[in-house]
Amino acid sequence: MKNHFRQLLAGPYIVWMIGFTVIPLLLIVFYGLTDKSGAFTLANVTSIATPEHMKALGLSLGLSLISTAICLLIAYPLAMILRRRGIGHSSFMVFIFILPMWMNFLLRTLAWQTLLEKNGVINGILGFLHLPELAVINTPAAIVLGMVYNFLPFMILPVYNVLEKIDDNTVNAARDLGAGELQTLLYVWFPLSVPGIISGITMVFVPALTTFVISNLLGGSKILLIGNVIEQEFTKGSNWNLGSGLSLVLMLFILLSMALIAKYDKDGEGTAL
Amino acid sequence: MKRYRLKQFFQDFYLVLVILFLYAPIVTMIVLSFNDTKSRTLWGGFTLRWYADMLQDTAIMNALHNTLLIALLSALAATVIGTAAAIGINSMKKLPRSIVMGVNNIPMLNSDIVTGISLMLAFIAFGISLGFKTVLIAHITFNVPYVLLSVLPKLRQTSRYTYEAALDLGAGPLQAFFKVVFPDILPGVLSGFLMAFTMSLDDFIITHFTRGAGIDTLSTLIYSEVRRGINPSMYALSAIIFLTVLALLILTNFSPEEKKGKTAAGIEAAARKRRRFARIRGGILAAASFSIFAVVSLSTWNRYAASHSDELYVYNWGEYIDESVITQFEEETGIHVTYDLFETNEEMYPVIEAGAVRYDAVCPSDYMIQRMAENGLLAEINFDNLPNLKHIDPVYLEMSREFDPENRYSVPYTWGTVGILYNTKLIEEKNLPVPRRWSDLWNPAYAGEILMQDSVRDAFMVALKSLGYSMNTEDMRELTEARDLLIAQKPLVQAYVIDQVRDKMIGGEAALGVIYSGEMLYLQEEVASQNLDFTLEYVIPEEGTNLWIDSWVIPANARNKENAEKWIDFLCRPDIALKNFEYITYATPNRAAKALLDESLQNNKAIFPDMESLAQSEVYRYLGDETDAVYNSLWKEVKSR
Amino acid sequence: MSQPFIDLQHISKSFDGTLVLDDLCLSVKENSFVTLLGPSGCGKTTTLRIIGGFETPDAGRVIFDGEDITRLPPNKRQLNTVFQKYALFPHMSIADNIAFGLRIRRKPKSYIDDKIRYALRLVNLEGFEHRTVDSLSGGQQQRIAIARAIVNEPRVLLLDEPLGALDLKLRQDMQYELIRLKNELGITFIYVTHDQEEALTMSDTIVVMNQGYIQQMGTPEQIYNEPENAFVADFIGESNILDGLMIRDELVEIAGARFACVDKGFGTNRPVDVVIRPEDIDLVKPEEGTLTGVVTHLIFKGVHYEMEVTTPDGFEWLVHSTDLSPVGERVGIRVDPFDIQIMNKPASEDEEAVGVNE
């Protein structure tokens with residue numbers, strides 16, 4: 001009786017979700033599987049196999065995987081150090097590492113453009129020191145840098161959260177049983193932090209895979225990622241069917257990572273900021 | 001011990017390194033926001049003028065207003081919907097709960113681009129025209145999951161028994177909820193609200209796809225600004241945003257260090273202190289949200305208090321009008337103008353085609369006008385309403401027949417050529433030849449110094465012309481040849497740009513840039529005013545080039561056709577055309593306005609080239625959707641290479 | 001008999017298709033201390049929640065002082081609950097917690113202040129008014145939960161395993177505390193626990209429940225000494241439950257030996273269950289015993305020794321005695337007639353559950 005009333009409170013949101021989450025997704029499926037005249041076709045989806053789309057998808061996958069790996073390599077030791085420094089002052093420290101996340105995403109990317117340009121700040125400093133100039137802007141390296149910079153906090157946070165929850169005594173027990181530093185890391189810290197790592201990976205990988213902003217701003221439009229292809233089909237190419245079809249392919253990868261999260265991060269802790 | 005200290009040192013070093021990586025860009029921007037030159041490397045002294053510029057920039061201020069209003073409204077709505085939903089979901093059985101939670105997770109785990117696209121498709125399918133409300137709905141949609149995510153765990157933590165205890169002690173269900181459960185989950189509700197607020201502030205991608213006429217948030221504004229070139233006002237904006245966020249987060253996240261006193265008195269004192277601080281913090285939060293709310297509602301009031309029955313929706317290229325012209329038009333006619341920008345013809349077309357936003361006056365280029373007319377997207381202009389048309393030189397009306405054979409749909413606004421702009425100093429320093437022909441853009445000596453246009457037709461025009469073919473070719477062999485040529489050129493190209501070409505040429509980033517003739521004058525003036533040590537020169541390549549006309553048209557689905565005609569007529573007035581020419585520096589087809597110019601300008605062959613020298617040149621024609629698709633896919637092959 | 005104070009009539013309740021209470025009837029007299037005792041999942045907490053108003057029964061009625069309160073919401077009932085995990089409001093001070101119910105009822109401030117002081121004194125926590133909930137120990141929180149309930153002067157106090165989260169010593173202290181409170185307040189206590197010792201110590205009446213049925217209801221002595229079926233015997237204390245054959249009235253055969261007993265009316269030559277408490281078995285010299293066996297296990301338990309004696313038929317008798325018989329010794333087993341409890345064998349699982357209810 002009381003429960004029924006309470007369940008009704010979810011009603012508005014359920015209606016909202018159907019209207020603005022479920023139906024829109026179904027529309028993508030509809031557009032993705034039809035042509036301009038509305039007839040059923042698989043051509044939009046299969047067009048992922050054309051060389052230019054494959055190239056863009058491959059590049060996206062490659063760059064986002066590299067970025068994810070770099071993020072993990074930077075974030076894990078960092079989270080470890082923060083965790084081991086204890087709780088008291090580290091809450092402010094943790095905050096320091098997450099703060100850039102709240103800065104506008106485009107401004108963060110703009111900052112790197114400023115730094116990396118041919119006549120940008122870094123080259124200015126290098127020139128002042130009579131060092132050779134860097135030619136990073138408009139290359140895949142610049143895009144990777146942009147991805148790492150933008151998404152690093154998304155890796156730090158879940159990994160740190162999960163490390164934070166590991167009981168000191170679990171670690172002490174391992175030491176007590178004769179495990180060395182490395183062994184403790186390998187057999188205790190690491191396995192226990194897998195849920196955090198997994199959600200960190202998906203939180204970096206998905207936006208990196210689908211970005212079009214970073215590649216536009218730091219890649220000089222020379223480098224086409226799958227996100228750029230889709231964005232252009234909607235804003236410039238005006239082929240919404242093709243764009244939707246490619247989005248469907250993209251969603252496949254997102255679904256994969258969702259499945260991964262569901263498997264390892266059952267409490268949804270990692271995704272909670 | 002020594003080893004321990006060494007380890008400590010390495011750890012500290014590592015932390016500092018990461019902090020440097022994270023903050024160097026932000027600090028750089030803050031420093032540059034006080035730099036008196038536009039240069040990124042030269043310190044020209046301390047100034048606050050970028051801050052002043054920013055505060056006076058109506059576009060930025062409007063965007064700020066929109067951003068705050070949308071963030072506030074969407075966070076509020078999401079908090080109410082989400083908290084109610086959390087309570088409902090919490091009392092559901094397992095199966096329905098996991099279904100709801102599964103759907104709830106979609107916007108969070110799905111990529112923003114897919115969410116944005118899907119919402120855009122849905123709005124268009126539902127017949128909701130893109131604008132403020134669609135952005136608001138989109139933001140609520142992606143905000144609710146965050147509220148749910150922070151409220152649900154709190155609800156689950158809250159012992160069911162405390163609610164029952166309150167009932168047991170005589171409270172009614174509502175009383176029990178607000179006295180016992182709500183205070184318990186309040187931290188979750190608050191953090192959900194804050195998270196929603198910041199998510200909304202930060203969002204770009206979803207807004208990008210769901211926004212419509214005249215609605216810019218800071219993010220979308222920054223995106224178009226950045227693509228146009230870096231404006232130091234953006235640095236000022238970054239600095240302000242960063243410091244605001246920093247202050248807010250410090251206030252909300254940190255309570256004074258809790259002493260772990262063991263004595264009862266200590267515990268009590270700590271508890272009291274904590275409560276007092278919580279109250280102060282709550283007060284500050286409330287004050288902050290109230291002041292945001294007040295500012296936003298005041299400016300909303302200001303904006304809509306003067307209600308206007310007469311509307312005009314204008315869709316134009318960026319930097320393609322003197323803004324005072326809009327104000328003057330509004331004052332003289334009493335018509336309220338909503339002014340929106342596009343970057344390329346190709347970007348503009350689907351917006352008009354879908355009718356997502358119903359514009360009244362649009363300014364596309366020649367071939368796009370042909371395409372729109374052929375696809376029935378244009379309304380015939382009633383030339384009786386355009387007494388000022390007589391000031392337009394008939395030569396250009398004649399030229400317009402290429403794409404508007406009966407002169408029914410369009411009124412010329414600007415015209416010009418496409419050519420190569422080069423940096424005299426860089427050319428000299430590197431001992432490079434002065435470019436004369438398109439084919440010079442394939443000279444390996446220019447490697448990394450070339451800026452190409454990031455638009456299909458312009459890029460192919462360059463390649464086709466250098467091969468001696470027509471730029472309107474439909475011959476597959478010629479096109480693939482052009483494609484291969486563009487692919488071969490790609491390693492030499494520094495970047496494909498549109499409006500950014502200006503900023504990069506002024507910044508001395510590249511030696512050569514493919515550019516519209518009208519930009520030349522503006523760039524030369526800018527270089528002169530900044531006292532830079534080089535000059536920029538414009539050349540029309542010998543193989544012939546694109547002769548283009550941008551004209552005003554009225555879409556078939558326009559709601560205020562007569563206002564649009566008033567607008568177009570207004571722009572044909574000689575004094576207005578002159579004002580616009582001085583601002584945008586693109587050649588005007590308005591002979592009365594041209595007659596008002598300096599002699600030297602009238603005779604500047606780069607701006608007003610002789611018709612004879614353009615013998616080799618062509619006007620773009622619309623080649624049909626199929627050929628367009630061929631161009632597009634060939635271009636994609638170039639870009640993805 | 002006077003009219004019952006609380007009367008549960010034919011209550012049934014199921015959750016998600018699982019029957020938790022089946023046609024349960026229970027009467028509680030005013031001013032009694034009634035304990036619902038049983039293993040987890042037996043329906044005792046559900047019974048309490050139905051009395052408290054947190055659950056509505058699928059069938060049956062709840063009568064409170066002659067009035068039907070089956071559908072009355074909890075906030076309208078003249079009874080209060082002490083919850084399993086105390087359910088104190090974490091965001092309020094101790095005083096605010098205690099004052100909650102009084103403020104809801106808009107009592108004057110001076111009255112509330114007096115009540116808080118009175119209640120804190122009653123639970124021996126004077127001066128704790130301004131402490132926060134999380135600065136209190138489990139036992140202290142427990143007392144506050146009780147104080148919060150009793151300031152409202154309920155006519156019945158419902159206690160749902162209130163001592164479950166406390167350690168042994170504290171639990172024993174709190175048991176005495178509760179008895180004292182009960183005597184001082186003079187109101188009805190309905191107490192839920194799975195701890196038989198708690199039940200035996202505090203209650204006037206014990207209701208043993210299993211699988212949604214009442215197995216036996218009676219004074220602690222009755223429940224302990226005269227369990228009415230094997231479940232009750234097994235659940236309350238330790239016992240030897242043996243297969244027996246009722247030869248005739250007052251004579252039962254166990255493991256081939258005949259024991260004198262005091263039970264009658266089971267007929268002749270009928271199989272029965274026989275319950276003998278371990279402390280009621282006397283170990284004597286083999287020739288003096290009704291039955292002989294060998295000591296196979298021995299543990300010192302402090303107050304007594306616990307031994308296992310295996311008889312030739314293979315049954316292991318559990319024996320508590322202050323006298324020691326070493327492992328391997330051959331002993332005789334003797335039981336006084338009134339220490340032997342005879343019960344009908346259940347025909348089926350169901351009947352076992354229904355037990356004395358019929």
# chains A, B, ... in the order shown; residues from 1 in each chain; ligands from 1

$ residues_around --residues "B:Ile392" --least-positions-apart "6" --cutoff "10 Å" --atoms "only C-alpha atoms" --output "VMD selection string"
chain B and resid 411 to 413 572 to 574 588 to 593

$ residues_around --residues "stretch 175-188 of chain C" --least-positions-apart "5" --cutoff "12 Å" --atoms "only C-alpha atoms" --output "MDAnalysis selection string"
chainID C and resid 4:6 28:35 64:65 78:82 119 121:124 139 142:143 146:147 150:159 161:164 166 168:170 195 197:205

$ write_last_selection --atoms "C-alpha atoms" --output "short mmCIF file (atom, residue, chain, number, x, y, z; two decimals), in the first residue's frame"
data_model
loop_
_atom_site.label_atom_id
_atom_site.label_comp_id
_atom_site.auth_asym_id
_atom_site.auth_seq_id
_atom_site.Cartn_x
_atom_site.Cartn_y
_atom_site.Cartn_z
CA PRO C 4 -7.16 -10.02 26.49
CA PHE C 5 -5.31 -6.70 26.09
CA ILE C 6 -3.89 -7.49 22.67
CA VAL C 28 -1.55 -10.99 25.47
CA LYS C 29 -2.65 -9.91 28.92
CA GLU C 30 -2.11 -6.36 30.17
CA ASN C 31 1.11 -5.74 32.07
CA SER C 32 2.69 -9.01 31.02
CA PHE C 33 6.14 -9.55 29.63
CA VAL C 34 5.60 -11.74 26.60
CA THR C 35 8.48 -13.08 24.55
CA PHE C 64 -6.00 -3.65 20.97
CA ASP C 65 -7.86 -3.03 24.22
CA GLN C 78 -0.65 3.69 21.46
CA LEU C 79 2.44 1.57 21.40
CA ASN C 80 6.10 2.14 20.65
CA THR C 81 8.88 0.03 19.27
CA VAL C 82 12.52 -0.41 20.13
CA ALA C 119 13.98 9.20 30.60
CA ARG C 121 17.74 9.01 34.41
CA LEU C 122 15.61 5.95 33.90
CA VAL C 123 18.15 4.46 31.51
CA ASN C 124 21.10 5.65 33.60
CA GLY C 139 24.70 -0.31 24.86
CA GLN C 142 20.22 0.88 23.02
CA ARG C 143 19.20 2.68 26.15
CA ILE C 146 14.36 2.65 24.88
CA ALA C 147 14.23 6.12 26.40
CA ILE C 150 9.06 5.24 26.73
CA VAL C 151 8.81 9.03 27.01
CA ASN C 152 5.68 8.73 24.90
CA GLU C 153 4.09 6.68 27.68
CA PRO C 154 3.06 3.84 25.41
CA ARG C 155 0.75 1.22 26.83
CA VAL C 156 2.79 -1.46 25.12
CA LEU C 157 6.47 -1.49 24.35
CA LEU C 158 7.52 -3.68 21.43
CA LEU C 159 11.14 -4.77 21.45
CA GLU C 161 15.77 -8.28 19.35
CA PRO C 162 17.02 -5.17 21.12
CA LEU C 163 20.05 -6.86 22.61
CA GLY C 164 21.12 -8.72 19.48
CA LEU C 166 25.49 -6.28 22.17
CA LEU C 168 27.47 -11.13 26.18
CA LYS C 169 28.24 -9.20 29.38
CA LEU C 170 26.34 -6.14 28.27
CA ASP C 195 17.96 -16.33 22.36
CA GLU C 197 18.26 -17.76 27.67
CA GLU C 198 17.00 -14.18 27.29
CA ALA C 199 13.49 -15.48 26.99
CA LEU C 200 13.72 -17.70 30.03
CA THR C 201 15.27 -14.96 32.17
CA MET C 202 12.89 -12.10 31.51
CA SER C 203 9.47 -13.30 30.42
CA ASP C 204 6.22 -14.00 32.18
CA THR C 205 5.06 -15.83 29.10
#

$ interface_residues --of "chain C" --to "chain A" --cutoff "12 Å" --atoms "only C-alpha atoms" --output "list in words"
Gly53, Phe54, Glu55, Thr56, Pro57, Asp58, Arg71 and Pro73 of chain C

$ closest_atom_pairs --of "chain B" --to "chain A" --cutoff "7 Å" --atoms "only C-alpha atoms" --output "tab-separated table"
residue	atom	partner	partner_atom	distance
B:Gln11	CA	A:Ile81	CA	6.8
B:Leu15	CA	A:Leu78	CA	6.8
B:Leu22	CA	A:Pro100	CA	6.9
B:Pro25	CA	A:Ala111	CA	5.2
B:Ile26	CA	A:Ala111	CA	6.6
B:Met29	CA	A:Ala111	CA	6.3
B:Arg40	CA	A:Gly120	CA	5.7
B:Thr41	CA	A:Gly124	CA	5.4
B:Ile81	CA	A:Tyr13	CA	6.1
B:Ala84	CA	A:Leu9	CA	5.1
B:Ala85	CA	A:Ala10	CA	3.8
B:Ala86	CA	A:Ala10	CA	6.9
B:Ile87	CA	A:Arg6	CA	6.5
B:Gly88	CA	A:Gln7	CA	3.9
B:Ile89	CA	A:Ala10	CA	6.2
B:Ser91	CA	A:Asn3	CA	6.0
B:Met92	CA	A:Gln7	CA	6.2
B:Leu109	CA	A:Met258	CA	6.8
B:Asn110	CA	A:Ile254	CA	6.3
B:Ser111	CA	A:Pro207	CA	6.0
B:Ile113	CA	A:Thr210	CA	6.9
B:Val114	CA	A:Ser247	CA	6.4
B:Ser118	CA	A:Pro24	CA	4.6
B:Leu119	CA	A:Pro24	CA	5.5
B:Leu121	CA	A:Pro24	CA	6.6
B:Ala122	CA	A:Pro24	CA	5.0
B:Thr141	CA	A:Phe20	CA	6.7
B:Leu149	CA	A:Ala272	CA	6.7
B:Asp202	CA	A:Asn104	CA	5.2
B:Ser219	CA	A:Leu106	CA	6.7
B:Ile222	CA	A:Leu106	CA	6.9
B:Tyr223	CA	A:Leu106	CA	6.7
B:Ser238	CA	A:Leu107	CA	6.4
B:Phe242	CA	A:Met103	CA	6.0
B:Val245	CA	A:Trp102	CA	6.9
B:Glu346	CA	A:Lys236	CA	4.6
B:Glu347	CA	A:Lys236	CA	4.1
B:Pro350	CA	A:Ser238	CA	5.4
B:Ala495	CA	A:Gly220	CA	4.5
B:Tyr496	CA	A:Ser221	CA	5.3
B:Val497	CA	A:Gly220	CA	6.8
B:Glu509	CA	A:Lys118	CA	6.0
B:Asn632	CA	A:Gly237	CA	6.9
B:Lys636	CA	A:Glu52	CA	6.6
B:Glu637	CA	A:Glu52	CA	5.3
B:Lys639	CA	A:Leu224	CA	6.0
B:Ser640	CA	A:Leu224	CA	5.1

$ interface_residues --of "chain C" --to "chain B" --cutoff "9 Å" --atoms "only C-alpha atoms" --output "PyMOL selection string"
chain C and resi 52-54+73-91+100-102+104-105+130-132+135+148-149+152

$ residues_around --residues "A:Asp167" --least-positions-apart "3" --cutoff "12 Å" --atoms "only C-alpha atoms" --output "number ranges by chain"
A: 83-84, 86, 162-164, 170-174, 188-189, 192-193

$ select_by_dssp --residues "stretch 327-442 of chain B" --states "strand (DSSP E)" --output "PDB file with C-alpha atoms, in the first residue's frame"
ATOM      1  CA  HIS B 336      13.693  41.941 -32.803  1.00  0.00           C
ATOM      2  CA  VAL B 337      16.511  40.042 -34.472  1.00  0.00           C
ATOM      3  CA  THR B 338      17.707  36.633 -33.357  1.00  0.00           C
ATOM      4  CA  TYR B 339      21.073  36.277 -34.974  1.00  0.00           C
ATOM      5  CA  ASP B 340      22.793  32.944 -35.468  1.00  0.00           C
ATOM      6  CA  LEU B 341      25.982  31.798 -37.117  1.00  0.00           C
ATOM      7  CA  PHE B 342      27.197  28.995 -39.324  1.00  0.00           C
ATOM      8  CA  ALA B 361      16.891  35.220 -43.772  1.00  0.00           C
ATOM      9  CA  VAL B 362      19.950  33.168 -44.644  1.00  0.00           C
ATOM     10  CA  LEU B 378      13.538  28.778 -50.912  1.00  0.00           C
ATOM     11  CA  ALA B 379      10.757  31.292 -51.127  1.00  0.00           C
ATOM     12  CA  VAL B 411      20.069  39.280 -53.494  1.00  0.00           C
ATOM     13  CA  PRO B 412      23.913  39.566 -53.644  1.00  0.00           C
ATOM     14  CA  TYR B 413      25.570  40.564 -50.373  1.00  0.00           C
ATOM     15  CA  THR B 414      29.289  40.109 -50.954  1.00  0.00           C
ATOM     16  CA  TRP B 415      31.451  38.613 -53.627  1.00  0.00           C
ATOM     17  CA  GLY B 416      35.031  37.725 -54.131  1.00  0.00           C
ATOM     18  CA  THR B 417      37.631  35.194 -55.102  1.00  0.00           C
ATOM     19  CA  VAL B 418      39.631  32.491 -53.417  1.00  0.00           C
ATOM     20  CA  GLY B 419      43.363  32.884 -53.469  1.00  0.00           C
ATOM     21  CA  ILE B 420      46.610  32.341 -51.663  1.00  0.00           C
ATOM     22  CA  LEU B 421      47.698  34.595 -48.826  1.00  0.00           C
ATOM     23  CA  TYR B 422      51.397  34.486 -48.083  1.00  0.00           C
ATOM     24  CA  ASN B 423      53.670  35.734 -45.350  1.00  0.00           C
TER      25      ASN B 423
END

$ decode --residues "stretch 440-466 of chain B" --atoms "N, CA and C atoms" --output "PDB file, in the first residue's frame"
ATOM      1  N   ASP B 440      51.683  25.561 -56.934  1.00  0.00           N
ATOM      2  CA  ASP B 440      52.756  25.854 -55.973  1.00  0.00           C
ATOM      3  C   ASP B 440      52.468  25.219 -54.609  1.00  0.00           C
ATOM      4  N   LEU B 441      51.185  24.962 -54.341  1.00  0.00           N
ATOM      5  CA  LEU B 441      50.833  24.374 -53.044  1.00  0.00           C
ATOM      6  C   LEU B 441      51.290  22.926 -52.932  1.00  0.00           C
ATOM      7  N   TRP B 442      51.834  22.418 -54.013  1.00  0.00           N
ATOM      8  CA  TRP B 442      52.383  21.039 -53.959  1.00  0.00           C
ATOM      9  C   TRP B 442      53.906  21.058 -53.902  1.00  0.00           C
ATOM     10  N   ASN B 443      54.448  22.257 -53.786  1.00  0.00           N
ATOM     11  CA  ASN B 443      55.902  22.392 -53.717  1.00  0.00           C
ATOM     12  C   ASN B 443      56.392  21.908 -52.352  1.00  0.00           C
ATOM     13  N   PRO B 444      57.190  20.838 -52.347  1.00  0.00           N
ATOM     14  CA  PRO B 444      57.634  20.258 -51.064  1.00  0.00           C
ATOM     15  C   PRO B 444      58.354  21.272 -50.194  1.00  0.00           C
ATOM     16  N   ALA B 445      58.866  22.328 -50.796  1.00  0.00           N
ATOM     17  CA  ALA B 445      59.578  23.333 -50.007  1.00  0.00           C
ATOM     18  C   ALA B 445      58.657  23.980 -48.974  1.00  0.00           C
ATOM     19  N   TYR B 446      57.354  23.955 -49.249  1.00  0.00           N
ATOM     20  CA  TYR B 446      56.395  24.583 -48.334  1.00  0.00           C
ATOM     21  C   TYR B 446      55.903  23.633 -47.234  1.00  0.00           C
ATOM     22  N   ALA B 447      56.527  22.473 -47.139  1.00  0.00           N
ATOM     23  CA  ALA B 447      56.028  21.457 -46.202  1.00  0.00           C
ATOM     24  C   ALA B 447      55.768  22.040 -44.815  1.00  0.00           C
ATOM     25  N   GLY B 448      54.579  21.764 -44.294  1.00  0.00           N
ATOM     26  CA  GLY B 448      54.228  22.231 -42.942  1.00  0.00           C
ATOM     27  C   GLY B 448      53.871  23.685 -42.864  1.00  0.00           C
ATOM     28  N   GLU B 449      53.902  24.384 -44.007  1.00  0.00           N
ATOM     29  CA  GLU B 449      53.631  25.830 -44.003  1.00  0.00           C
ATOM     30  C   GLU B 449      52.321  26.158 -44.690  1.00  0.00           C
ATOM     31  N   ILE B 450      51.548  25.122 -45.062  1.00  0.00           N
ATOM     32  CA  ILE B 450      50.349  25.370 -45.852  1.00  0.00           C
ATOM     33  C   ILE B 450      49.092  25.182 -45.006  1.00  0.00           C
ATOM     34  N   LEU B 451      48.191  26.154 -45.107  1.00  0.00           N
ATOM     35  CA  LEU B 451      46.870  26.003 -44.493  1.00  0.00           C
ATOM     36  C   LEU B 451      45.852  25.840 -45.610  1.00  0.00           C
ATOM     37  N   MET B 452      45.154  24.676 -45.602  1.00  0.00           N
ATOM     38  CA  MET B 452      44.136  24.455 -46.624  1.00  0.00           C
ATOM     39  C   MET B 452      42.765  24.737 -46.031  1.00  0.00           C
ATOM     40  N   GLN B 453      41.798  24.987 -46.918  1.00  0.00           N
ATOM     41  CA  GLN B 453      40.429  25.180 -46.444  1.00  0.00           C
ATOM     42  C   GLN B 453      39.815  23.827 -46.089  1.00  0.00           C
ATOM     43  N   ASP B 454      39.154  23.791 -44.942  1.00  0.00           N
ATOM     44  CA  ASP B 454      38.507  22.554 -44.511  1.00  0.00           C
ATOM     45  C   ASP B 454      37.069  22.515 -45.018  1.00  0.00           C
ATOM     46  N   SER B 455      36.894  22.623 -46.341  1.00  0.00           N
ATOM     47  CA  SER B 455      35.556  22.444 -46.901  1.00  0.00           C
ATOM     48  C   SER B 455      35.705  21.768 -48.249  1.00  0.00           C
ATOM     49  N   VAL B 456      34.768  20.878 -48.539  1.00  0.00           N
ATOM     50  CA  VAL B 456      34.899  19.989 -49.684  1.00  0.00           C
ATOM     51  C   VAL B 456      35.173  20.727 -50.983  1.00  0.00           C
ATOM     52  N   ARG B 457      34.248  21.644 -51.321  1.00  0.00           N
ATOM     53  CA  ARG B 457      34.317  22.245 -52.646  1.00  0.00           C
ATOM     54  C   ARG B 457      35.596  23.062 -52.802  1.00  0.00           C
ATOM     55  N   ASP B 458      35.965  23.812 -51.757  1.00  0.00           N
ATOM     56  CA  ASP B 458      37.159  24.649 -51.877  1.00  0.00           C
ATOM     57  C   ASP B 458      38.407  23.813 -52.050  1.00  0.00           C
ATOM     58  N   ALA B 459      38.488  22.728 -51.278  1.00  0.00           N
ATOM     59  CA  ALA B 459      39.668  21.885 -51.382  1.00  0.00           C
ATOM     60  C   ALA B 459      39.756  21.278 -52.782  1.00  0.00           C
ATOM     61  N   PHE B 460      38.601  20.783 -53.285  1.00  0.00           N
ATOM     62  CA  PHE B 460      38.633  20.168 -54.609  1.00  0.00           C
ATOM     63  C   PHE B 460      38.844  21.195 -55.710  1.00  0.00           C
ATOM     64  N   MET B 461      38.326  22.415 -55.479  1.00  0.00           N
ATOM     65  CA  MET B 461      38.543  23.473 -56.455  1.00  0.00           C
ATOM     66  C   MET B 461      40.041  23.680 -56.675  1.00  0.00           C
ATOM     67  N   VAL B 462      40.781  23.744 -55.578  1.00  0.00           N
ATOM     68  CA  VAL B 462      42.219  23.970 -55.683  1.00  0.00           C
ATOM     69  C   VAL B 462      42.872  22.875 -56.525  1.00  0.00           C
ATOM     70  N   ALA B 463      42.525  21.617 -56.208  1.00  0.00           N
ATOM     71  CA  ALA B 463      43.150  20.503 -56.911  1.00  0.00           C
ATOM     72  C   ALA B 463      42.716  20.470 -58.375  1.00  0.00           C
ATOM     73  N   LEU B 464      41.397  20.632 -58.613  1.00  0.00           N
ATOM     74  CA  LEU B 464      40.886  20.537 -59.987  1.00  0.00           C
ATOM     75  C   LEU B 464      41.460  21.657 -60.852  1.00  0.00           C
ATOM     76  N   LYS B 465      41.508  22.877 -60.310  1.00  0.00           N
ATOM     77  CA  LYS B 465      42.021  24.000 -61.082  1.00  0.00           C
ATOM     78  C   LYS B 465      43.498  23.806 -61.416  1.00  0.00           C
ATOM     79  N   SER B 466      44.240  23.288 -60.460  1.00  0.00           N
ATOM     80  CA  SER B 466      45.666  23.116 -60.723  1.00  0.00           C
ATOM     81  C   SER B 466      45.871  22.054 -61.800  1.00  0.00           C
TER      82      SER B 466
END
